[in-house]
Amino acid sequence: MSQSDSAAFIAGYPLKAHNTFGFEVRAQFACRIEREAQLMAAVRDPRAAGLPRLVLGGGSNVVLTDDFAGLVLLVALQGRRVVREDHDAWYVEAAAGEPWHDFVAWTLAQGLPGLENLALIPGTVGAAPIQNIGAYGLEMCERFASLRAIELETGAVVELDADACRFGYRDSFFKREGRDRFVITSVTFRLPKVWQPRAGYADIARELAASEHASAAPSAQAIFAAVVAVRRAKLPDPLQLGNAGSFFKNPVVEATQFEALKLKEPEVVSYPQPDGRVKLAAGWLIDRCGWKGRAMGAAAVHERQALVLVNLGGANGAEVLALAKAVQRDVLARFGVELEAEPVCL
Ligand code: EPU
């Protein structure tokens, strides 16, 4: 190991700036990873022997309920480039520590559209495949080519394609069998040269129609701007009000359960799925239970989007989880539907 491969271990490291809820917890040790070689050096450091590990990018999809008695790996790998092109597409690679939104803006500035619907999603490039981020009619997996990761047990570098990642709705291999086993170091996206706008999502269509450049064929830049405007209007900025985006997944129910629900609640917001099942808007269910804008201690259901739980200031993870439980209980009691948390709760 060369001198430059070793990364500084910091004991008792404060994680407030590394989780978007802004919880004031600490890590027993933290290590900032700026070069791939530092990763295995950190993992194999005797001080980390036997300790649990936590990989943090932007900390935008995690609920830290307590101090972390282990090693936090702060992935700060940087870099982005067009790696190749073929007849149909450009392939663009970004290091795991790049902020997601900046990367999206950069691709558009290079004249490479395709990620605009995913503008302003908090977090890093390396976190994007873990929950297969999605918004406004596009999921990351539709633009994914491959990723590079390091297996912590062996130090082996692996390249995984979309099949290996087993992407689903806010789901992947890395939330299941692969959990805690790999650190993603870079992701390569495939951006088709024939670009098709995705402007059908109601909020985006409305925003585009209202914009001064309204046109029948919106540009990627116009969609980007519309997504940014809609997100700013509805979703709280984690720097102002701690949150982890949607706290629950939109539940998917069987068609029979949906029909029964629809009889009782004709206005339920729903999206038919290709497999015949039906996805329900969890935000609507929570709103309907009267939770929108309500607080329990310093944790609250956001006043403009009931799917988002927020830290009003000084809340801890336990308070947010208690609120989440209360919301889940009411939704189950009223609609018979179980809500599953979207962020990783530790
Ligand atoms: N709704 C309400 N009340 C609310 C919130 C929503 O009635 O408080 C209704 C809306 O009127 C709308 C429907 O529920 O008819 C859906 O709402 P919205 O369009 O805001 O989207 P969502 O289903 O609540 C999902 C994603 C978001 C993503 C948006 C846009 C999940 C868990 N959430 O939210 O993703 O930005 O669609 O595509 O799938 C995230 O994952 O962190 C996230 C923010």
# chains A, B, ... in the order shown; residues from 1 in each chain; ligands from 1
call {"tool": "residues_around", "arguments": {"residues": "stretch 38-47 of chain A", "least_positions_apart": "3", "cutoff": "7 Å", "atoms": "only C-alpha atoms", "output": "list in words"}}
result
Asp5, Ser6, Ala7, Ile33, Arg35 and Gly155 of chain A
call {"tool": "residues_near_ligand", "arguments": {"ligand": "ligand 1", "cutoff": "7 Å", "atoms": "only C-alpha atoms and all ligand atoms", "output": "PyMOL selection string"}}
result
chain A and resi 133-137+203+244-250+269+281-284+286-287+292+304-307+342
call {"tool": "write_last_selection", "arguments": {"atoms": "N, CA and C atoms", "output": "PDB file, in the first residue's frame"}}
result
ATOM      1  N   ILE A 133     -33.483   5.205  -8.695  1.00  0.00           N
ATOM      2  CA  ILE A 133     -34.224   6.453  -8.558  1.00  0.00           C
ATOM      3  C   ILE A 133     -35.152   6.669  -9.763  1.00  0.00           C
ATOM      4  N   GLY A 134     -36.268   7.318  -9.494  1.00  0.00           N
ATOM      5  CA  GLY A 134     -37.226   7.547 -10.570  1.00  0.00           C
ATOM      6  C   GLY A 134     -38.059   8.767 -10.269  1.00  0.00           C
ATOM      7  N   ALA A 135     -38.507   9.435 -11.324  1.00  0.00           N
ATOM      8  CA  ALA A 135     -39.399  10.570 -11.131  1.00  0.00           C
ATOM      9  C   ALA A 135     -39.963  11.010 -12.478  1.00  0.00           C
ATOM     10  N   TYR A 136     -41.186  11.488 -12.439  1.00  0.00           N
ATOM     11  CA  TYR A 136     -41.816  12.137 -13.587  1.00  0.00           C
ATOM     12  C   TYR A 136     -41.685  11.328 -14.875  1.00  0.00           C
ATOM     13  N   GLY A 137     -42.018  10.033 -14.739  1.00  0.00           N
ATOM     14  CA  GLY A 137     -42.134   9.198 -15.936  1.00  0.00           C
ATOM     15  C   GLY A 137     -40.860   8.513 -16.383  1.00  0.00           C
ATOM     16  N   ASP A 203     -48.058  16.733 -13.659  1.00  0.00           N
ATOM     17  CA  ASP A 203     -47.431  17.954 -13.119  1.00  0.00           C
ATOM     18  C   ASP A 203     -46.495  18.598 -14.136  1.00  0.00           C
ATOM     19  N   ALA A 244     -35.919  12.875   3.584  1.00  0.00           N
ATOM     20  CA  ALA A 244     -35.267  11.884   2.710  1.00  0.00           C
ATOM     21  C   ALA A 244     -36.149  11.598   1.495  1.00  0.00           C
ATOM     22  N   GLY A 245     -36.791  12.641   0.964  1.00  0.00           N
ATOM     23  CA  GLY A 245     -37.681  12.428  -0.178  1.00  0.00           C
ATOM     24  C   GLY A 245     -38.879  11.600   0.262  1.00  0.00           C
ATOM     25  N   SER A 246     -39.449  10.856  -0.677  1.00  0.00           N
ATOM     26  CA  SER A 246     -40.589  10.008  -0.323  1.00  0.00           C
ATOM     27  C   SER A 246     -40.181   9.060   0.792  1.00  0.00           C
ATOM     28  N   PHE A 247     -40.958   9.039   1.848  1.00  0.00           N
ATOM     29  CA  PHE A 247     -40.589   8.143   2.948  1.00  0.00           C
ATOM     30  C   PHE A 247     -41.152   6.747   2.739  1.00  0.00           C
ATOM     31  N   PHE A 248     -42.218   6.653   1.910  1.00  0.00           N
ATOM     32  CA  PHE A 248     -42.829   5.348   1.644  1.00  0.00           C
ATOM     33  C   PHE A 248     -42.830   5.096   0.147  1.00  0.00           C
ATOM     34  N   LYS A 249     -42.828   3.807  -0.201  1.00  0.00           N
ATOM     35  CA  LYS A 249     -43.018   3.452  -1.605  1.00  0.00           C
ATOM     36  C   LYS A 249     -44.512   3.532  -1.903  1.00  0.00           C
ATOM     37  N   ASN A 250     -44.846   3.763  -3.153  1.00  0.00           N
ATOM     38  CA  ASN A 250     -46.243   3.650  -3.537  1.00  0.00           C
ATOM     39  C   ASN A 250     -46.585   2.159  -3.553  1.00  0.00           C
ATOM     40  N   VAL A 269     -56.201   7.524  -5.976  1.00  0.00           N
ATOM     41  CA  VAL A 269     -55.314   7.755  -7.134  1.00  0.00           C
ATOM     42  C   VAL A 269     -54.544   6.465  -7.408  1.00  0.00           C
ATOM     43  N   ALA A 281     -51.243   5.731  -5.044  1.00  0.00           N
ATOM     44  CA  ALA A 281     -50.458   6.891  -4.614  1.00  0.00           C
ATOM     45  C   ALA A 281     -50.489   6.952  -3.086  1.00  0.00           C
ATOM     46  N   ALA A 282     -49.379   6.560  -2.467  1.00  0.00           N
ATOM     47  CA  ALA A 282     -49.310   6.555  -1.004  1.00  0.00           C
ATOM     48  C   ALA A 282     -49.579   7.947  -0.439  1.00  0.00           C
ATOM     49  N   GLY A 283     -49.101   8.984  -1.156  1.00  0.00           N
ATOM     50  CA  GLY A 283     -49.315  10.354  -0.695  1.00  0.00           C
ATOM     51  C   GLY A 283     -50.804  10.647  -0.545  1.00  0.00           C
ATOM     52  N   TRP A 284     -51.584  10.139  -1.476  1.00  0.00           N
ATOM     53  CA  TRP A 284     -53.035  10.347  -1.423  1.00  0.00           C
ATOM     54  C   TRP A 284     -53.623   9.615  -0.216  1.00  0.00           C
ATOM     55  N   ILE A 286     -52.207   8.785   2.584  1.00  0.00           N
ATOM     56  CA  ILE A 286     -51.774   9.432   3.833  1.00  0.00           C
ATOM     57  C   ILE A 286     -52.533  10.749   4.027  1.00  0.00           C
ATOM     58  N   ASP A 287     -52.634  11.491   2.948  1.00  0.00           N
ATOM     59  CA  ASP A 287     -53.360  12.763   2.938  1.00  0.00           C
ATOM     60  C   ASP A 287     -54.801  12.520   3.387  1.00  0.00           C
ATOM     61  N   LYS A 292     -51.506  14.980   6.425  1.00  0.00           N
ATOM     62  CA  LYS A 292     -50.706  16.007   5.750  1.00  0.00           C
ATOM     63  C   LYS A 292     -50.522  17.232   6.650  1.00  0.00           C
ATOM     64  N   ARG A 304     -46.935  19.957   1.864  1.00  0.00           N
ATOM     65  CA  ARG A 304     -47.262  19.989   0.428  1.00  0.00           C
ATOM     66  C   ARG A 304     -47.165  18.627  -0.257  1.00  0.00           C
ATOM     67  N   GLN A 305     -46.650  17.631   0.425  1.00  0.00           N
ATOM     68  CA  GLN A 305     -46.529  16.290  -0.171  1.00  0.00           C
ATOM     69  C   GLN A 305     -46.488  15.301   0.988  1.00  0.00           C
ATOM     70  N   ALA A 306     -47.619  14.587   1.172  1.00  0.00           N
ATOM     71  CA  ALA A 306     -47.782  13.746   2.360  1.00  0.00           C
ATOM     72  C   ALA A 306     -46.855  12.532   2.373  1.00  0.00           C
ATOM     73  N   LEU A 307     -46.195  12.275   1.265  1.00  0.00           N
ATOM     74  CA  LEU A 307     -45.293  11.123   1.201  1.00  0.00           C
ATOM     75  C   LEU A 307     -43.936  11.433   1.831  1.00  0.00           C
ATOM     76  N   GLU A 342     -39.295   3.597   2.271  1.00  0.00           N
ATOM     77  CA  GLU A 342     -38.372   3.628   1.137  1.00  0.00           C
ATOM     78  C   GLU A 342     -36.917   3.769   1.579  1.00  0.00           C
TER      79      GLU A 342
END
call {"tool": "closest_residue", "arguments": {"among": "A:Glu259, A:Leu54, A:Ser211, A:Arg26", "to": "A:Ala225", "atoms": "only C-alpha atoms"}}
result
A:Ser211
call {"tool": "residues_around", "arguments": {"residues": "A:Gly200", "least_positions_apart": "5", "cutoff": "12 Å", "atoms": "only C-alpha atoms", "output": "list of chain:residue names"}}
result
A:Asn117, A:Ala135, A:Tyr136, A:Gly137, A:Leu138, A:Ala205, A:Arg206, A:Glu207, A:Leu208, A:Ala209, A:Ala216, A:Ala217, A:Pro218, A:Ile223, A:Ala226, A:Val227
call {"tool": "write_last_selection", "arguments": {"atoms": "N, CA and C atoms", "output": "tab-separated table (two decimals), in the first residue's frame"}}
result
chain	number	residue	atom	x	y	z
A	117	ASN	N	-35.57	14.14	-16.78
A	117	ASN	CA	-36.70	13.93	-15.87
A	117	ASN	C	-36.24	13.66	-14.44
A	135	ALA	N	-38.51	9.43	-11.32
A	135	ALA	CA	-39.40	10.57	-11.13
A	135	ALA	C	-39.96	11.01	-12.48
A	136	TYR	N	-41.19	11.49	-12.44
A	136	TYR	CA	-41.82	12.14	-13.59
A	136	TYR	C	-41.69	11.33	-14.87
A	137	GLY	N	-42.02	10.03	-14.74
A	137	GLY	CA	-42.13	9.20	-15.94
A	137	GLY	C	-40.86	8.51	-16.38
A	138	LEU	N	-39.80	8.55	-15.59
A	138	LEU	CA	-38.56	7.89	-15.98
A	138	LEU	C	-37.90	7.24	-14.77
A	205	ALA	N	-46.54	18.19	-17.54
A	205	ALA	CA	-47.31	18.71	-18.68
A	205	ALA	C	-47.90	20.08	-18.34
A	206	ARG	N	-48.42	20.19	-17.11
A	206	ARG	CA	-49.01	21.46	-16.67
A	206	ARG	C	-47.96	22.56	-16.62
A	207	GLU	N	-46.82	22.22	-16.06
A	207	GLU	CA	-45.73	23.20	-15.93
A	207	GLU	C	-45.23	23.64	-17.31
A	208	LEU	N	-45.11	22.69	-18.23
A	208	LEU	CA	-44.64	23.03	-19.58
A	208	LEU	C	-45.65	23.93	-20.29
A	209	ALA	N	-46.93	23.60	-20.12
A	209	ALA	CA	-47.98	24.39	-20.80
A	209	ALA	C	-47.98	25.82	-20.28
A	216	ALA	N	-45.32	22.41	-28.57
A	216	ALA	CA	-45.84	21.05	-28.71
A	216	ALA	C	-44.72	20.03	-28.57
A	217	ALA	N	-43.49	20.45	-28.88
A	217	ALA	CA	-42.35	19.53	-28.80
A	217	ALA	C	-41.31	20.12	-27.85
A	218	PRO	N	-41.48	19.88	-26.55
A	218	PRO	CA	-40.56	20.50	-25.59
A	218	PRO	C	-39.14	19.96	-25.75
A	223	ILE	N	-37.86	20.40	-20.33
A	223	ILE	CA	-38.33	19.38	-19.38
A	223	ILE	C	-37.53	19.48	-18.08
A	226	ALA	N	-38.82	22.32	-16.14
A	226	ALA	CA	-40.15	22.04	-15.58
A	226	ALA	C	-40.04	21.11	-14.38
A	227	VAL	N	-39.19	20.10	-14.47
A	227	VAL	CA	-39.00	19.17	-13.35
A	227	VAL	C	-38.44	19.92	-12.14
call {"tool": "select_by_dssp", "arguments": {"residues": "stretch 88-301 of chain A", "states": "strand (DSSP E)", "output": "MDAnalysis selection string"}}
result
chainID A and resid 89:95 134:135 138:139 144:151 157:161 182:192 242:246 252:253 270:272 278:280 295:296 299:301
call {"tool": "closest_residue", "arguments": {"among": "A:Val187, A:Leu241, A:Arg53, A:Arg231", "to": "A:Glu153", "atoms": "only C-alpha atoms"}}
result
A:Arg53
call {"tool": "atom_distance", "arguments": {"atom1": "atom CA of A:Asp330", "atom2": "atom CA of A:Arg294"}}
result
13.2 Å
call {"tool": "residues_around", "arguments": {"residues": "A:Ala255", "least_positions_apart": "6", "cutoff": "12 Å", "atoms": "only C-alpha atoms", "output": "ChimeraX atom specification"}}
result
/A:261-262,270-280
call {"tool": "write_last_selection", "arguments": {"atoms": "all heavy atoms", "output": "tab-separated table (two decimals), in the first residue's frame"}}
result
chain	number	residue	atom	x	y	z
A	261	LEU	N	-61.39	-1.57	-2.91
A	261	LEU	CA	-61.02	-0.26	-2.36
A	261	LEU	C	-61.72	0.87	-3.12
A	261	LEU	O	-62.24	1.83	-2.54
A	261	LEU	CB	-59.50	-0.10	-2.43
A	261	LEU	CG	-58.88	1.16	-1.85
A	261	LEU	CD1	-59.20	1.27	-0.35
A	261	LEU	CD2	-57.36	1.14	-2.03
A	262	LYS	N	-61.76	0.72	-4.41
A	262	LYS	CA	-62.34	1.75	-5.29
A	262	LYS	C	-63.84	1.94	-5.01
A	262	LYS	O	-64.37	3.05	-5.12
A	262	LYS	CB	-62.11	1.32	-6.75
A	262	LYS	CG	-62.66	2.23	-7.79
A	262	LYS	CD	-61.57	3.06	-8.44
A	262	LYS	CE	-62.19	4.00	-9.45
A	262	LYS	NZ	-61.41	5.18	-9.69
A	270	SER	N	-54.62	5.97	-8.65
A	270	SER	CA	-54.04	4.66	-8.94
A	270	SER	C	-53.42	4.62	-10.33
A	270	SER	O	-53.77	5.42	-11.20
A	270	SER	CB	-55.15	3.62	-8.86
A	270	SER	OG	-56.15	3.93	-9.82
A	271	TYR	N	-52.48	3.70	-10.49
A	271	TYR	CA	-51.80	3.53	-11.78
A	271	TYR	C	-51.78	2.03	-12.10
A	271	TYR	O	-51.11	1.26	-11.39
A	271	TYR	CB	-50.36	4.04	-11.71
A	271	TYR	CG	-50.21	5.38	-11.02
A	271	TYR	CD1	-49.93	5.46	-9.65
A	271	TYR	CD2	-50.34	6.57	-11.73
A	271	TYR	CE1	-49.79	6.67	-9.01
A	271	TYR	CE2	-50.20	7.80	-11.09
A	271	TYR	CZ	-49.93	7.84	-9.73
A	271	TYR	OH	-49.79	9.05	-9.10
A	272	PRO	N	-52.49	1.60	-13.15
A	272	PRO	CA	-52.46	0.18	-13.50
A	272	PRO	C	-51.05	-0.25	-13.90
A	272	PRO	O	-50.34	0.51	-14.57
A	272	PRO	CB	-53.42	0.07	-14.69
A	272	PRO	CG	-53.86	1.44	-15.02
A	272	PRO	CD	-53.29	2.41	-14.05
A	273	GLN	N	-50.63	-1.43	-13.48
A	273	GLN	CA	-49.30	-1.96	-13.78
A	273	GLN	C	-49.38	-2.96	-14.93
A	273	GLN	O	-50.42	-3.59	-15.14
A	273	GLN	CB	-48.71	-2.63	-12.54
A	273	GLN	CG	-48.57	-1.69	-11.36
A	273	GLN	CD	-47.60	-0.55	-11.67
A	273	GLN	OE1	-46.41	-0.74	-11.78
A	273	GLN	NE2	-48.15	0.66	-11.83
A	274	PRO	N	-48.27	-3.16	-15.64
A	274	PRO	CA	-48.29	-4.10	-16.77
A	274	PRO	C	-48.71	-5.52	-16.36
A	274	PRO	O	-49.30	-6.24	-17.16
A	274	PRO	CB	-46.83	-4.11	-17.25
A	274	PRO	CG	-46.19	-2.90	-16.67
A	274	PRO	CD	-46.96	-2.50	-15.47
A	275	ASP	N	-48.46	-5.90	-15.11
A	275	ASP	CA	-48.80	-7.27	-14.68
A	275	ASP	C	-50.23	-7.40	-14.17
A	275	ASP	O	-50.61	-8.42	-13.61
A	275	ASP	CB	-47.81	-7.75	-13.61
A	275	ASP	CG	-47.88	-6.91	-12.33
A	275	ASP	OD1	-48.73	-5.99	-12.24
A	275	ASP	OD2	-47.08	-7.18	-11.41
A	276	GLY	N	-51.04	-6.35	-14.32
A	276	GLY	CA	-52.45	-6.43	-13.92
A	276	GLY	C	-52.68	-5.90	-12.51
A	276	GLY	O	-53.82	-5.64	-12.12
A	277	ARG	N	-51.62	-5.75	-11.74
A	277	ARG	CA	-51.79	-5.19	-10.40
A	277	ARG	C	-51.93	-3.66	-10.51
A	277	ARG	O	-51.84	-3.10	-11.60
A	277	ARG	CB	-50.61	-5.59	-9.52
A	277	ARG	CG	-50.55	-7.11	-9.33
A	277	ARG	CD	-49.52	-7.52	-8.29
A	277	ARG	NE	-48.19	-7.07	-8.65
A	277	ARG	CZ	-47.19	-6.95	-7.77
A	277	ARG	NH1	-47.38	-7.26	-6.50
A	277	ARG	NH2	-46.01	-6.53	-8.17
A	278	VAL	N	-52.15	-3.02	-9.37
A	278	VAL	CA	-52.41	-1.58	-9.40
A	278	VAL	C	-51.54	-0.89	-8.35
A	278	VAL	O	-51.49	-1.31	-7.19
A	278	VAL	CB	-53.90	-1.29	-9.11
A	278	VAL	CG1	-54.18	0.20	-9.18
A	278	VAL	CG2	-54.80	-2.04	-10.11
A	279	LYS	N	-50.85	0.16	-8.79
A	279	LYS	CA	-50.04	0.95	-7.86
A	279	LYS	C	-50.90	2.08	-7.32
A	279	LYS	O	-51.63	2.73	-8.08
A	279	LYS	CB	-48.82	1.51	-8.59
A	279	LYS	CG	-47.77	2.11	-7.67
A	279	LYS	CD	-46.68	2.81	-8.47
A	279	LYS	CE	-45.50	1.91	-8.74
A	279	LYS	NZ	-44.43	2.62	-9.48
A	280	LEU	N	-50.84	2.30	-6.00
A	280	LEU	CA	-51.64	3.36	-5.39
A	280	LEU	C	-50.73	4.51	-4.99
A	280	LEU	O	-49.57	4.29	-4.62
A	280	LEU	CB	-52.33	2.82	-4.12
A	280	LEU	CG	-53.20	1.58	-4.30
A	280	LEU	CD1	-53.74	1.12	-2.94
A	280	LEU	CD2	-54.37	1.87	-5.26
call {"tool": "atom_distance", "arguments": {"atom1": "atom CA of A:Phe29", "atom2": "atom CA of A:Phe68"}}
result
8.5 Å
call {"tool": "atom_distance", "arguments": {"atom1": "atom CA of A:Phe224", "atom2": "atom CA of A:Glu116"}}
result
4.7 Å
